[in-house]
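Note: the block below is start-v1.txt and it holds compact mmCIF, N, CA and C atoms and all ligand atoms.
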```
# COMPACT_ATOMS: atom_id res chain seq x y z
N ARG A 1 -12.45 9.02 -10.20
CA ARG A 1 -12.26 7.60 -9.88
C ARG A 1 -11.80 7.43 -8.45
N HIS A 2 -12.29 6.40 -7.83
CA HIS A 2 -12.02 6.18 -6.41
C HIS A 2 -10.81 5.25 -6.21
N VAL A 3 -9.93 5.66 -5.32
CA VAL A 3 -8.76 4.84 -4.98
C VAL A 3 -8.72 4.63 -3.47
N LEU A 4 -8.59 3.36 -3.07
CA LEU A 4 -8.46 3.04 -1.65
C LEU A 4 -6.97 2.88 -1.35
N VAL A 5 -6.49 3.62 -0.34
CA VAL A 5 -5.06 3.62 -0.01
C VAL A 5 -4.90 2.96 1.36
N LEU A 6 -4.37 1.74 1.36
CA LEU A 6 -4.35 0.91 2.56
C LEU A 6 -2.94 0.72 3.09
N SER A 7 -2.80 0.87 4.40
CA SER A 7 -1.51 0.66 5.07
C SER A 7 -1.68 -0.38 6.17
N GLY A 8 -0.73 -1.30 6.24
CA GLY A 8 -0.80 -2.42 7.16
C GLY A 8 -0.12 -2.17 8.49
N PRO A 9 0.23 -3.25 9.18
CA PRO A 9 0.65 -3.18 10.58
C PRO A 9 1.91 -2.35 10.83
N ASN A 10 1.87 -1.66 11.95
CA ASN A 10 2.98 -0.86 12.48
C ASN A 10 3.19 0.45 11.75
N LEU A 11 2.40 0.71 10.72
CA LEU A 11 2.59 1.96 9.97
C LEU A 11 1.96 3.15 10.68
N ALA A 12 1.08 2.90 11.66
CA ALA A 12 0.56 4.01 12.46
C ALA A 12 1.65 4.60 13.34
N ALA A 13 2.75 3.87 13.50
CA ALA A 13 3.87 4.34 14.34
C ALA A 13 4.90 5.15 13.55
N LEU A 14 4.61 5.36 12.25
CA LEU A 14 5.57 6.16 11.46
C LEU A 14 5.79 7.51 12.12
N GLY A 15 7.00 8.03 11.98
CA GLY A 15 7.38 9.25 12.68
C GLY A 15 8.40 8.92 13.74
N SER A 16 8.05 7.95 14.61
CA SER A 16 9.00 7.52 15.64
C SER A 16 9.59 6.15 15.34
N ARG A 17 8.99 5.40 14.40
CA ARG A 17 9.45 4.03 14.12
C ARG A 17 10.65 4.04 13.17
N GLU A 18 11.79 3.62 13.66
CA GLU A 18 13.01 3.49 12.85
C GLU A 18 13.10 4.58 11.77
N PRO A 19 13.20 5.85 12.21
CA PRO A 19 13.16 6.95 11.24
C PRO A 19 14.29 6.91 10.21
N GLU A 20 15.41 6.23 10.56
CA GLU A 20 16.52 6.15 9.59
C GLU A 20 16.12 5.26 8.41
N ILE A 21 15.12 4.41 8.62
CA ILE A 21 14.63 3.54 7.53
C ILE A 21 13.36 4.11 6.91
N TYR A 22 12.42 4.57 7.77
CA TYR A 22 11.09 4.93 7.27
C TYR A 22 10.84 6.43 7.17
N GLY A 23 11.81 7.25 7.62
CA GLY A 23 11.62 8.69 7.57
C GLY A 23 10.91 9.22 8.80
N THR A 24 10.73 10.51 8.85
CA THR A 24 10.18 11.16 10.06
C THR A 24 8.73 11.61 9.89
N LEU A 25 8.18 11.48 8.68
CA LEU A 25 6.77 11.85 8.50
C LEU A 25 5.87 10.85 9.23
N THR A 26 4.78 11.35 9.80
CA THR A 26 3.78 10.46 10.39
C THR A 26 2.87 9.94 9.28
N LEU A 27 2.08 8.89 9.61
CA LEU A 27 1.14 8.38 8.61
C LEU A 27 0.11 9.46 8.27
N ASP A 28 -0.28 10.27 9.26
CA ASP A 28 -1.20 11.39 8.99
C ASP A 28 -0.61 12.34 7.96
N ASP A 29 0.68 12.68 8.11
CA ASP A 29 1.35 13.54 7.13
C ASP A 29 1.26 12.94 5.73
N ILE A 30 1.58 11.65 5.64
CA ILE A 30 1.61 10.99 4.33
C ILE A 30 0.20 10.96 3.74
N GLN A 31 -0.78 10.63 4.59
CA GLN A 31 -2.15 10.52 4.08
C GLN A 31 -2.69 11.87 3.63
N ARG A 32 -2.27 12.93 4.32
CA ARG A 32 -2.68 14.27 3.89
C ARG A 32 -2.13 14.57 2.48
N GLN A 33 -0.84 14.23 2.28
CA GLN A 33 -0.24 14.43 0.96
C GLN A 33 -0.95 13.60 -0.11
N VAL A 34 -1.33 12.38 0.26
CA VAL A 34 -2.00 11.48 -0.69
C VAL A 34 -3.34 12.07 -1.14
N VAL A 35 -4.13 12.54 -0.16
CA VAL A 35 -5.45 13.08 -0.49
C VAL A 35 -5.33 14.32 -1.38
N GLU A 36 -4.34 15.16 -1.05
CA GLU A 36 -4.09 16.39 -1.81
C GLU A 36 -3.66 16.09 -3.25
N GLN A 37 -2.66 15.19 -3.36
CA GLN A 37 -2.14 14.82 -4.68
C GLN A 37 -3.22 14.14 -5.53
N ALA A 38 -4.04 13.31 -4.87
CA ALA A 38 -5.11 12.63 -5.61
C ALA A 38 -6.06 13.65 -6.22
N GLU A 39 -6.43 14.65 -5.44
CA GLU A 39 -7.34 15.69 -5.96
C GLU A 39 -6.75 16.35 -7.18
N GLU A 40 -5.44 16.67 -7.11
CA GLU A 40 -4.77 17.31 -8.25
C GLU A 40 -4.81 16.43 -9.49
N LEU A 41 -4.82 15.12 -9.28
CA LEU A 41 -4.80 14.17 -10.40
C LEU A 41 -6.21 13.78 -10.84
N GLY A 42 -7.23 14.32 -10.17
CA GLY A 42 -8.60 14.00 -10.52
C GLY A 42 -9.07 12.67 -9.96
N LEU A 43 -8.40 12.21 -8.91
CA LEU A 43 -8.80 10.97 -8.24
C LEU A 43 -9.35 11.30 -6.86
N GLN A 44 -10.15 10.37 -6.32
CA GLN A 44 -10.64 10.55 -4.96
C GLN A 44 -10.07 9.45 -4.09
N ALA A 45 -9.18 9.83 -3.16
CA ALA A 45 -8.49 8.84 -2.33
C ALA A 45 -9.12 8.74 -0.95
N THR A 46 -9.30 7.51 -0.50
CA THR A 46 -9.68 7.22 0.89
C THR A 46 -8.56 6.42 1.53
N CYS A 47 -8.06 6.90 2.68
CA CYS A 47 -6.91 6.26 3.33
C CYS A 47 -7.34 5.54 4.60
N ARG A 48 -6.84 4.32 4.76
CA ARG A 48 -7.10 3.55 5.98
C ARG A 48 -5.84 2.81 6.42
N GLN A 49 -5.73 2.57 7.72
CA GLN A 49 -4.61 1.78 8.27
C GLN A 49 -5.16 0.79 9.27
N THR A 50 -4.55 -0.41 9.30
CA THR A 50 -4.91 -1.37 10.34
C THR A 50 -3.71 -2.24 10.69
N ASP A 51 -3.69 -2.71 11.94
CA ASP A 51 -2.71 -3.71 12.36
C ASP A 51 -3.29 -5.11 12.24
N ASP A 52 -4.54 -5.20 11.81
CA ASP A 52 -5.31 -6.45 11.87
C ASP A 52 -5.42 -7.11 10.49
N GLU A 53 -4.95 -8.31 10.39
CA GLU A 53 -4.95 -9.03 9.10
C GLU A 53 -6.37 -9.20 8.55
N GLY A 54 -7.30 -9.59 9.44
CA GLY A 54 -8.67 -9.83 8.99
C GLY A 54 -9.33 -8.56 8.48
N GLU A 55 -9.05 -7.45 9.16
CA GLU A 55 -9.64 -6.18 8.72
C GLU A 55 -9.11 -5.80 7.34
N LEU A 56 -7.81 -6.00 7.13
CA LEU A 56 -7.21 -5.68 5.83
C LEU A 56 -7.80 -6.56 4.73
N VAL A 57 -7.96 -7.85 5.01
CA VAL A 57 -8.59 -8.77 4.05
C VAL A 57 -10.00 -8.27 3.69
N GLY A 58 -10.76 -7.85 4.70
CA GLY A 58 -12.12 -7.35 4.47
C GLY A 58 -12.13 -6.12 3.57
N TRP A 59 -11.20 -5.23 3.78
CA TRP A 59 -11.13 -4.00 2.95
C TRP A 59 -10.78 -4.34 1.51
N LEU A 60 -9.92 -5.35 1.30
CA LEU A 60 -9.54 -5.73 -0.07
C LEU A 60 -10.74 -6.32 -0.81
N HIS A 61 -11.55 -7.13 -0.11
CA HIS A 61 -12.76 -7.68 -0.74
C HIS A 61 -13.78 -6.57 -1.00
N GLU A 62 -13.85 -5.61 -0.08
CA GLU A 62 -14.76 -4.47 -0.28
C GLU A 62 -14.39 -3.73 -1.57
N ALA A 63 -13.09 -3.49 -1.76
CA ALA A 63 -12.63 -2.79 -2.96
C ALA A 63 -12.90 -3.63 -4.21
N ALA A 64 -12.71 -4.94 -4.10
CA ALA A 64 -12.94 -5.83 -5.24
C ALA A 64 -14.39 -5.74 -5.71
N VAL A 65 -15.32 -5.78 -4.76
CA VAL A 65 -16.75 -5.75 -5.08
C VAL A 65 -17.17 -4.37 -5.59
N ALA A 66 -16.57 -3.32 -5.02
CA ALA A 66 -16.93 -1.95 -5.41
C ALA A 66 -16.25 -1.52 -6.72
N GLY A 67 -15.22 -2.28 -7.13
CA GLY A 67 -14.51 -1.92 -8.36
C GLY A 67 -13.52 -0.78 -8.17
N TRP A 68 -13.02 -0.62 -6.95
CA TRP A 68 -12.03 0.43 -6.69
C TRP A 68 -10.62 -0.07 -6.96
N ASP A 69 -9.76 0.83 -7.43
CA ASP A 69 -8.33 0.55 -7.49
C ASP A 69 -7.76 0.70 -6.08
N VAL A 70 -6.64 0.01 -5.82
CA VAL A 70 -6.06 0.00 -4.47
C VAL A 70 -4.56 0.27 -4.54
N ILE A 71 -4.11 1.15 -3.66
CA ILE A 71 -2.68 1.30 -3.36
C ILE A 71 -2.49 0.67 -2.00
N LEU A 72 -1.60 -0.33 -1.93
CA LEU A 72 -1.46 -1.12 -0.70
C LEU A 72 -0.01 -1.17 -0.23
N ASN A 73 0.21 -0.73 1.00
CA ASN A 73 1.46 -1.05 1.70
C ASN A 73 1.13 -2.13 2.72
N PRO A 74 1.38 -3.39 2.37
CA PRO A 74 0.98 -4.49 3.26
C PRO A 74 1.91 -4.63 4.47
N ALA A 75 2.98 -3.81 4.53
CA ALA A 75 3.96 -3.87 5.63
C ALA A 75 4.43 -5.31 5.82
N ALA A 76 4.54 -5.79 7.06
CA ALA A 76 5.10 -7.13 7.27
C ALA A 76 4.24 -8.23 6.64
N PHE A 77 2.92 -8.00 6.47
CA PHE A 77 2.06 -9.00 5.83
C PHE A 77 2.56 -9.34 4.43
N THR A 78 3.24 -8.39 3.79
CA THR A 78 3.82 -8.60 2.45
C THR A 78 4.52 -9.95 2.35
N HIS A 79 5.24 -10.27 3.43
CA HIS A 79 6.23 -11.33 3.34
C HIS A 79 5.70 -12.71 3.71
N TYR A 80 4.50 -12.77 4.36
CA TYR A 80 4.07 -14.09 4.81
C TYR A 80 2.56 -14.31 4.83
N SER A 81 1.75 -13.27 4.58
CA SER A 81 0.30 -13.46 4.75
C SER A 81 -0.36 -13.96 3.47
N TYR A 82 -0.56 -15.28 3.39
CA TYR A 82 -1.26 -15.82 2.22
C TYR A 82 -2.71 -15.35 2.20
N ALA A 83 -3.26 -14.98 3.37
CA ALA A 83 -4.63 -14.47 3.40
C ALA A 83 -4.71 -13.12 2.68
N VAL A 84 -3.76 -12.24 2.98
CA VAL A 84 -3.73 -10.95 2.27
C VAL A 84 -3.40 -11.18 0.79
N GLY A 85 -2.47 -12.10 0.52
CA GLY A 85 -2.12 -12.41 -0.87
C GLY A 85 -3.33 -12.91 -1.66
N ASP A 86 -4.12 -13.80 -1.06
CA ASP A 86 -5.30 -14.34 -1.75
C ASP A 86 -6.37 -13.26 -1.95
N ALA A 87 -6.52 -12.36 -0.97
CA ALA A 87 -7.48 -11.26 -1.12
C ALA A 87 -7.04 -10.33 -2.26
N CYS A 88 -5.74 -10.14 -2.40
CA CYS A 88 -5.21 -9.33 -3.51
C CYS A 88 -5.49 -10.01 -4.85
N ALA A 89 -5.39 -11.34 -4.87
CA ALA A 89 -5.69 -12.09 -6.09
C ALA A 89 -7.17 -11.93 -6.47
N HIS A 90 -8.05 -11.93 -5.47
CA HIS A 90 -9.47 -11.69 -5.72
C HIS A 90 -9.68 -10.30 -6.34
N LEU A 91 -9.03 -9.32 -5.73
CA LEU A 91 -9.12 -7.93 -6.21
C LEU A 91 -8.68 -7.83 -7.66
N ALA A 92 -7.52 -8.41 -7.97
CA ALA A 92 -6.99 -8.34 -9.33
C ALA A 92 -7.91 -9.10 -10.30
N GLY A 93 -8.43 -10.24 -9.84
CA GLY A 93 -9.31 -11.05 -10.68
C GLY A 93 -10.61 -10.34 -11.02
N MET A 94 -11.03 -9.44 -10.16
CA MET A 94 -12.25 -8.67 -10.39
C MET A 94 -11.98 -7.44 -11.27
N GLY A 95 -10.71 -7.24 -11.66
CA GLY A 95 -10.40 -6.17 -12.61
C GLY A 95 -9.90 -4.88 -12.00
N SER A 96 -9.79 -4.82 -10.67
CA SER A 96 -9.21 -3.63 -10.04
C SER A 96 -7.70 -3.63 -10.24
N ARG A 97 -7.14 -2.43 -10.31
CA ARG A 97 -5.68 -2.35 -10.36
C ARG A 97 -5.15 -2.23 -8.94
N LEU A 98 -4.01 -2.86 -8.72
CA LEU A 98 -3.40 -2.89 -7.39
C LEU A 98 -1.95 -2.46 -7.53
N ILE A 99 -1.57 -1.39 -6.80
CA ILE A 99 -0.17 -0.98 -6.76
C ILE A 99 0.35 -1.31 -5.36
N GLU A 100 1.40 -2.15 -5.31
CA GLU A 100 2.08 -2.46 -4.05
C GLU A 100 3.12 -1.38 -3.80
N VAL A 101 3.09 -0.80 -2.60
CA VAL A 101 4.08 0.24 -2.28
C VAL A 101 4.80 -0.09 -0.97
N HIS A 102 6.04 0.38 -0.91
CA HIS A 102 6.83 0.32 0.32
C HIS A 102 7.62 1.60 0.46
N LEU A 103 7.75 2.06 1.70
CA LEU A 103 8.57 3.24 1.97
C LEU A 103 10.04 2.91 1.75
N SER A 104 10.48 1.80 2.34
CA SER A 104 11.86 1.34 2.18
C SER A 104 11.92 0.45 0.94
N ASN A 105 13.12 -0.02 0.64
CA ASN A 105 13.28 -0.97 -0.46
C ASN A 105 13.55 -2.36 0.13
N PRO A 106 12.51 -3.18 0.26
CA PRO A 106 12.67 -4.47 0.93
C PRO A 106 13.77 -5.33 0.30
N ALA A 107 14.00 -5.16 -1.00
CA ALA A 107 15.00 -5.99 -1.69
C ALA A 107 16.42 -5.72 -1.21
N SER A 108 16.63 -4.54 -0.60
CA SER A 108 17.97 -4.21 -0.12
C SER A 108 18.11 -4.45 1.38
N ARG A 109 17.13 -5.12 1.98
CA ARG A 109 17.13 -5.34 3.44
C ARG A 109 17.25 -6.83 3.77
N GLU A 110 16.77 -7.24 4.95
CA GLU A 110 16.94 -8.64 5.37
C GLU A 110 16.28 -9.59 4.36
N THR A 111 16.80 -10.82 4.35
CA THR A 111 16.32 -11.82 3.38
C THR A 111 14.82 -12.08 3.49
N PHE A 112 14.28 -12.06 4.74
CA PHE A 112 12.85 -12.38 4.87
C PHE A 112 11.97 -11.34 4.17
N ARG A 113 12.55 -10.15 3.89
CA ARG A 113 11.77 -9.11 3.20
C ARG A 113 11.83 -9.24 1.68
N HIS A 114 12.59 -10.21 1.17
CA HIS A 114 12.75 -10.32 -0.28
C HIS A 114 11.57 -11.00 -0.94
N THR A 115 10.74 -11.68 -0.14
CA THR A 115 9.55 -12.35 -0.67
C THR A 115 8.33 -11.44 -0.53
N SER A 116 7.52 -11.36 -1.60
CA SER A 116 6.21 -10.70 -1.51
C SER A 116 5.15 -11.66 -2.00
N VAL A 117 4.15 -11.93 -1.14
CA VAL A 117 3.05 -12.81 -1.54
C VAL A 117 1.94 -12.00 -2.22
N VAL A 118 2.16 -10.69 -2.36
CA VAL A 118 1.20 -9.78 -2.97
C VAL A 118 1.59 -9.48 -4.42
N ALA A 119 2.90 -9.53 -4.70
CA ALA A 119 3.44 -9.02 -5.97
C ALA A 119 2.79 -9.68 -7.19
N ARG A 120 2.44 -10.97 -7.08
CA ARG A 120 1.88 -11.68 -8.25
C ARG A 120 0.55 -11.08 -8.70
N SER A 121 -0.14 -10.39 -7.79
CA SER A 121 -1.43 -9.80 -8.13
C SER A 121 -1.34 -8.31 -8.44
N ALA A 122 -0.15 -7.74 -8.29
CA ALA A 122 0.00 -6.29 -8.44
C ALA A 122 0.16 -5.89 -9.91
N THR A 123 -0.44 -4.76 -10.25
CA THR A 123 -0.18 -4.15 -11.56
C THR A 123 1.28 -3.73 -11.61
N GLY A 124 1.79 -3.21 -10.48
CA GLY A 124 3.18 -2.81 -10.38
C GLY A 124 3.53 -2.55 -8.93
N THR A 125 4.81 -2.39 -8.68
CA THR A 125 5.32 -2.18 -7.32
C THR A 125 6.23 -0.96 -7.29
N ILE A 126 6.08 -0.12 -6.27
CA ILE A 126 6.95 1.05 -6.10
C ILE A 126 7.52 1.00 -4.69
N ALA A 127 8.84 0.94 -4.57
CA ALA A 127 9.47 0.76 -3.27
C ALA A 127 10.74 1.60 -3.18
N GLY A 128 10.97 2.13 -1.98
CA GLY A 128 12.26 2.74 -1.69
C GLY A 128 12.28 4.26 -1.71
N PHE A 129 11.14 4.89 -1.93
CA PHE A 129 11.11 6.34 -2.09
C PHE A 129 10.40 7.06 -0.95
N GLY A 130 10.27 6.39 0.18
CA GLY A 130 9.61 7.01 1.33
C GLY A 130 8.17 7.34 0.98
N ALA A 131 7.67 8.46 1.52
CA ALA A 131 6.28 8.86 1.28
C ALA A 131 6.01 9.01 -0.21
N ALA A 132 7.03 9.36 -0.97
CA ALA A 132 6.85 9.54 -2.42
C ALA A 132 6.44 8.24 -3.10
N SER A 133 6.72 7.09 -2.49
CA SER A 133 6.26 5.83 -3.10
C SER A 133 4.73 5.85 -3.27
N TYR A 134 4.02 6.34 -2.24
CA TYR A 134 2.55 6.43 -2.32
C TYR A 134 2.14 7.42 -3.42
N LEU A 135 2.85 8.57 -3.50
CA LEU A 135 2.47 9.61 -4.45
C LEU A 135 2.76 9.15 -5.88
N LEU A 136 3.87 8.43 -6.06
CA LEU A 136 4.20 7.89 -7.39
C LEU A 136 3.16 6.86 -7.81
N ALA A 137 2.64 6.10 -6.85
CA ALA A 137 1.60 5.11 -7.16
C ALA A 137 0.33 5.80 -7.67
N LEU A 138 0.00 6.94 -7.05
CA LEU A 138 -1.17 7.70 -7.53
C LEU A 138 -0.95 8.16 -8.97
N ARG A 139 0.25 8.67 -9.25
CA ARG A 139 0.57 9.13 -10.61
C ARG A 139 0.45 7.97 -11.58
N ALA A 140 0.93 6.81 -11.16
CA ALA A 140 0.87 5.62 -12.03
C ALA A 140 -0.58 5.27 -12.36
N LEU A 141 -1.45 5.32 -11.35
CA LEU A 141 -2.86 5.00 -11.57
C LEU A 141 -3.52 6.05 -12.46
N ALA A 142 -3.18 7.33 -12.23
CA ALA A 142 -3.81 8.40 -13.00
C ALA A 142 -3.41 8.35 -14.47
N GLY A 143 -2.18 7.89 -14.73
CA GLY A 143 -1.68 7.93 -16.10
C GLY A 143 -1.81 6.64 -16.86
N HIS A 144 -2.24 5.59 -16.16
CA HIS A 144 -2.23 4.24 -16.73
C HIS A 144 -3.43 4.01 -17.62
C1 LIG A 201 7.46 -1.80 4.61
C2 LIG A 201 8.58 -2.86 4.47
C3 LIG A 201 8.23 -4.12 5.23
O1 LIG A 201 9.28 -5.07 5.11
C4 LIG A 201 8.04 -3.82 6.71
O2 LIG A 201 7.62 -4.97 7.39
C5 LIG A 201 7.14 -2.66 6.98
C6 LIG A 201 7.14 -1.52 6.07
C7 LIG A 201 7.85 -0.45 3.96
O3 LIG A 201 6.96 0.35 3.73
O4 LIG A 201 9.04 -0.21 3.72
O5 LIG A 201 6.45 -2.62 8.00
O6 LIG A 201 6.31 -2.29 3.94
```
Can the structure from this file be put into structure tokens for me?
Ligand code: DQA
Amino acid sequence: RHVLVLSGPNLAALGSREPEIYGTLTLDDIQRQVVEQAEELGLQATCRQTDDEGELVGWLHEAAVAGWDVILNPAAFTHYSYAVGDACAHLAGMGSRLIEVHLSNPASRETFRHTSVVARSATGTIAGFGAASYLLALRALAGH
């Protein structure tokens, strides 16, 4: 089964970006672990990252039409992008499963991070476990 693993804005800077919050692994490191773990679980993962809202929306519609499940770290778009939120609703409405993931735990941070416009369309959310949030999402999809 195919899983699209999408990361939003500023996540390409992982490694040097606020390591006390996001850890020291680069996005390449995380994506390598994701591809490896997916294989072990019998899934085929494709990883992509963008800083561009429109590109992310396009990928979500692509997954919706293709019938792929999605693991999504929407990064800052989580908190205010109704465009990404609506694309997630399309994805869920087409029957794909969507796992929202975060490296940090937004609920324990600034108030503006307490809102997610994606959560209503998610099968579930995994937050606060660093790179393991992505790996736990794969396990959730494999076992669900
Ligand atoms: C994040 C949390 C968001 O609040 C933030 O804007 C990010 C990363 C996380 O993975 O912890 O860029 O999604």
Report as a ChimeraX atom specification which protein, DNA and RNA residues come within 8 Å of ligand LIG 201 (chain A), using all atoms listed in the file. /A:8-11,21-22,72-79,101-107,110,112-114,127-130
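Computed from the coordinates, the CA of Glu53 (chain A) to atom C of Glu36 (chain A) distance equals 28.0 Å.
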How big is the axis-aligned box, and where does its centre sit, when it encloses all atoms of region 6-19 of chain A listed in the file and has 8 Å added on every side, reported in Å to one decimal as JSON?
```
{"center_x": 5.0, "center_y": 3.0, "center_z": 8.5, "size_x": 34.7, "size_y": 28.5, "size_z": 30.3}
```
Suppose you want the space between atom C of Thr111 (chain A) and CA of Ser16 (chain A); what is it in Å? 23.8 Å
Report the distance between atom N of Leu14 (chain A) and atom N of Ala83 (chain A) in Å, rounded to one decimal place. 23.5 Å
Can you pull out every residue from region 29-143 of chain A that DSSP, working from the backbone, puts in alpha helix (DSSP H), and format the result as JSON, numbers by chain? {"A": [29, 30, 31, 32, 33, 34, 35, 36, 37, 38, 39, 40, 41, 53, 54, 55, 56, 57, 58, 59, 60, 61, 62, 63, 64, 65, 66, 82, 83, 84, 85, 86, 87, 88, 89, 90, 91, 92, 93, 132, 133, 134, 135, 136, 137, 138, 139, 140, 141, 142, 143]}
Grab region 42-68 of chain A from that structure and dump N, CA and C atoms to a file, as a PDB file, in the first residue's frame.
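In the end it all went to decode_13.pdb:
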```
ATOM      1  N   GLY A  42       5.622  -3.305   5.289  1.00  0.00           N
ATOM      2  CA  GLY A  42       4.944  -3.705   4.064  1.00  0.00           C
ATOM      3  C   GLY A  42       4.240  -2.553   3.368  1.00  0.00           C
ATOM      4  N   LEU A  43       4.670  -1.334   3.670  1.00  0.00           N
ATOM      5  CA  LEU A  43       4.109  -0.145   3.013  1.00  0.00           C
ATOM      6  C   LEU A  43       5.162   0.455   2.098  1.00  0.00           C
ATOM      7  N   GLN A  44       4.688   1.244   1.124  1.00  0.00           N
ATOM      8  CA  GLN A  44       5.620   1.957   0.262  1.00  0.00           C
ATOM      9  C   GLN A  44       5.445   3.450   0.474  1.00  0.00           C
ATOM     10  N   ALA A  45       6.465   4.088   1.076  1.00  0.00           N
ATOM     11  CA  ALA A  45       6.364   5.504   1.425  1.00  0.00           C
ATOM     12  C   ALA A  45       7.081   6.378   0.413  1.00  0.00           C
ATOM     13  N   THR A  46       6.416   7.463   0.026  1.00  0.00           N
ATOM     14  CA  THR A  46       7.036   8.528  -0.766  1.00  0.00           C
ATOM     15  C   THR A  46       7.017   9.799   0.070  1.00  0.00           C
ATOM     16  N   CYS A  47       8.196  10.431   0.234  1.00  0.00           N
ATOM     17  CA  CYS A  47       8.310  11.612   1.096  1.00  0.00           C
ATOM     18  C   CYS A  47       8.516  12.870   0.263  1.00  0.00           C
ATOM     19  N   ARG A  48       7.780  13.913   0.618  1.00  0.00           N
ATOM     20  CA  ARG A  48       7.943  15.216  -0.043  1.00  0.00           C
ATOM     21  C   ARG A  48       7.861  16.344   0.991  1.00  0.00           C
ATOM     22  N   GLN A  49       8.539  17.444   0.687  1.00  0.00           N
ATOM     23  CA  GLN A  49       8.470  18.646   1.542  1.00  0.00           C
ATOM     24  C   GLN A  49       8.288  19.863   0.668  1.00  0.00           C
ATOM     25  N   THR A  50       7.501  20.828   1.161  1.00  0.00           N
ATOM     26  CA  THR A  50       7.389  22.105   0.451  1.00  0.00           C
ATOM     27  C   THR A  50       7.145  23.239   1.438  1.00  0.00           C
ATOM     28  N   ASP A  51       7.596  24.435   1.063  1.00  0.00           N
ATOM     29  CA  ASP A  51       7.268  25.645   1.812  1.00  0.00           C
ATOM     30  C   ASP A  51       6.051  26.330   1.207  1.00  0.00           C
ATOM     31  N   ASP A  52       5.522  25.763   0.132  1.00  0.00           N
ATOM     32  CA  ASP A  52       4.508  26.424  -0.690  1.00  0.00           C
ATOM     33  C   ASP A  52       3.107  25.850  -0.431  1.00  0.00           C
ATOM     34  N   GLU A  53       2.205  26.697  -0.025  1.00  0.00           N
ATOM     35  CA  GLU A  53       0.844  26.259   0.315  1.00  0.00           C
ATOM     36  C   GLU A  53       0.140  25.615  -0.886  1.00  0.00           C
ATOM     37  N   GLY A  54       0.281  26.248  -2.059  1.00  0.00           N
ATOM     38  CA  GLY A  54      -0.394  25.732  -3.244  1.00  0.00           C
ATOM     39  C   GLY A  54       0.126  24.365  -3.654  1.00  0.00           C
ATOM     40  N   GLU A  55       1.439  24.187  -3.516  1.00  0.00           N
ATOM     41  CA  GLU A  55       2.019  22.888  -3.868  1.00  0.00           C
ATOM     42  C   GLU A  55       1.500  21.803  -2.929  1.00  0.00           C
ATOM     43  N   LEU A  56       1.413  22.130  -1.643  1.00  0.00           N
ATOM     44  CA  LEU A  56       0.908  21.159  -0.670  1.00  0.00           C
ATOM     45  C   LEU A  56      -0.553  20.801  -0.959  1.00  0.00           C
ATOM     46  N   VAL A  57      -1.361  21.805  -1.275  1.00  0.00           N
ATOM     47  CA  VAL A  57      -2.765  21.566  -1.646  1.00  0.00           C
ATOM     48  C   VAL A  57      -2.832  20.618  -2.849  1.00  0.00           C
ATOM     49  N   GLY A  58      -1.987  20.859  -3.850  1.00  0.00           N
ATOM     50  CA  GLY A  58      -1.965  20.009  -5.045  1.00  0.00           C
ATOM     51  C   GLY A  58      -1.627  18.560  -4.713  1.00  0.00           C
ATOM     52  N   TRP A  59      -0.675  18.363  -3.833  1.00  0.00           N
ATOM     53  CA  TRP A  59      -0.280  16.994  -3.444  1.00  0.00           C
ATOM     54  C   TRP A  59      -1.410  16.284  -2.705  1.00  0.00           C
ATOM     55  N   LEU A  60      -2.170  17.027  -1.886  1.00  0.00           N
ATOM     56  CA  LEU A  60      -3.278  16.412  -1.140  1.00  0.00           C
ATOM     57  C   LEU A  60      -4.382  15.966  -2.104  1.00  0.00           C
ATOM     58  N   HIS A  61      -4.658  16.781  -3.134  1.00  0.00           N
ATOM     59  CA  HIS A  61      -5.659  16.374  -4.131  1.00  0.00           C
ATOM     60  C   HIS A  61      -5.153  15.192  -4.957  1.00  0.00           C
ATOM     61  N   GLU A  62      -3.850  15.194  -5.240  1.00  0.00           N
ATOM     62  CA  GLU A  62      -3.256  14.065  -5.978  1.00  0.00           C
ATOM     63  C   GLU A  62      -3.472  12.767  -5.195  1.00  0.00           C
ATOM     64  N   ALA A  63      -3.228  12.817  -3.886  1.00  0.00           N
ATOM     65  CA  ALA A  63      -3.405  11.629  -3.042  1.00  0.00           C
ATOM     66  C   ALA A  63      -4.878  11.225  -2.985  1.00  0.00           C
ATOM     67  N   ALA A  64      -5.764  12.218  -2.915  1.00  0.00           N
ATOM     68  CA  ALA A  64      -7.199  11.938  -2.851  1.00  0.00           C
ATOM     69  C   ALA A  64      -7.648  11.166  -4.091  1.00  0.00           C
ATOM     70  N   VAL A  65      -7.212  11.623  -5.261  1.00  0.00           N
ATOM     71  CA  VAL A  65      -7.616  10.999  -6.525  1.00  0.00           C
ATOM     72  C   VAL A  65      -6.971   9.622  -6.687  1.00  0.00           C
ATOM     73  N   ALA A  66      -5.723   9.492  -6.221  1.00  0.00           N
ATOM     74  CA  ALA A  66      -4.998   8.222  -6.364  1.00  0.00           C
ATOM     75  C   ALA A  66      -5.415   7.193  -5.310  1.00  0.00           C
ATOM     76  N   GLY A  67      -6.091   7.665  -4.249  1.00  0.00           N
ATOM     77  CA  GLY A  67      -6.504   6.747  -3.187  1.00  0.00           C
ATOM     78  C   GLY A  67      -5.383   6.396  -2.223  1.00  0.00           C
ATOM     79  N   TRP A  68      -4.398   7.287  -2.101  1.00  0.00           N
ATOM     80  CA  TRP A  68      -3.295   7.033  -1.171  1.00  0.00           C
ATOM     81  C   TRP A  68      -3.627   7.541   0.224  1.00  0.00           C
TER      82      TRP A  68
END
```
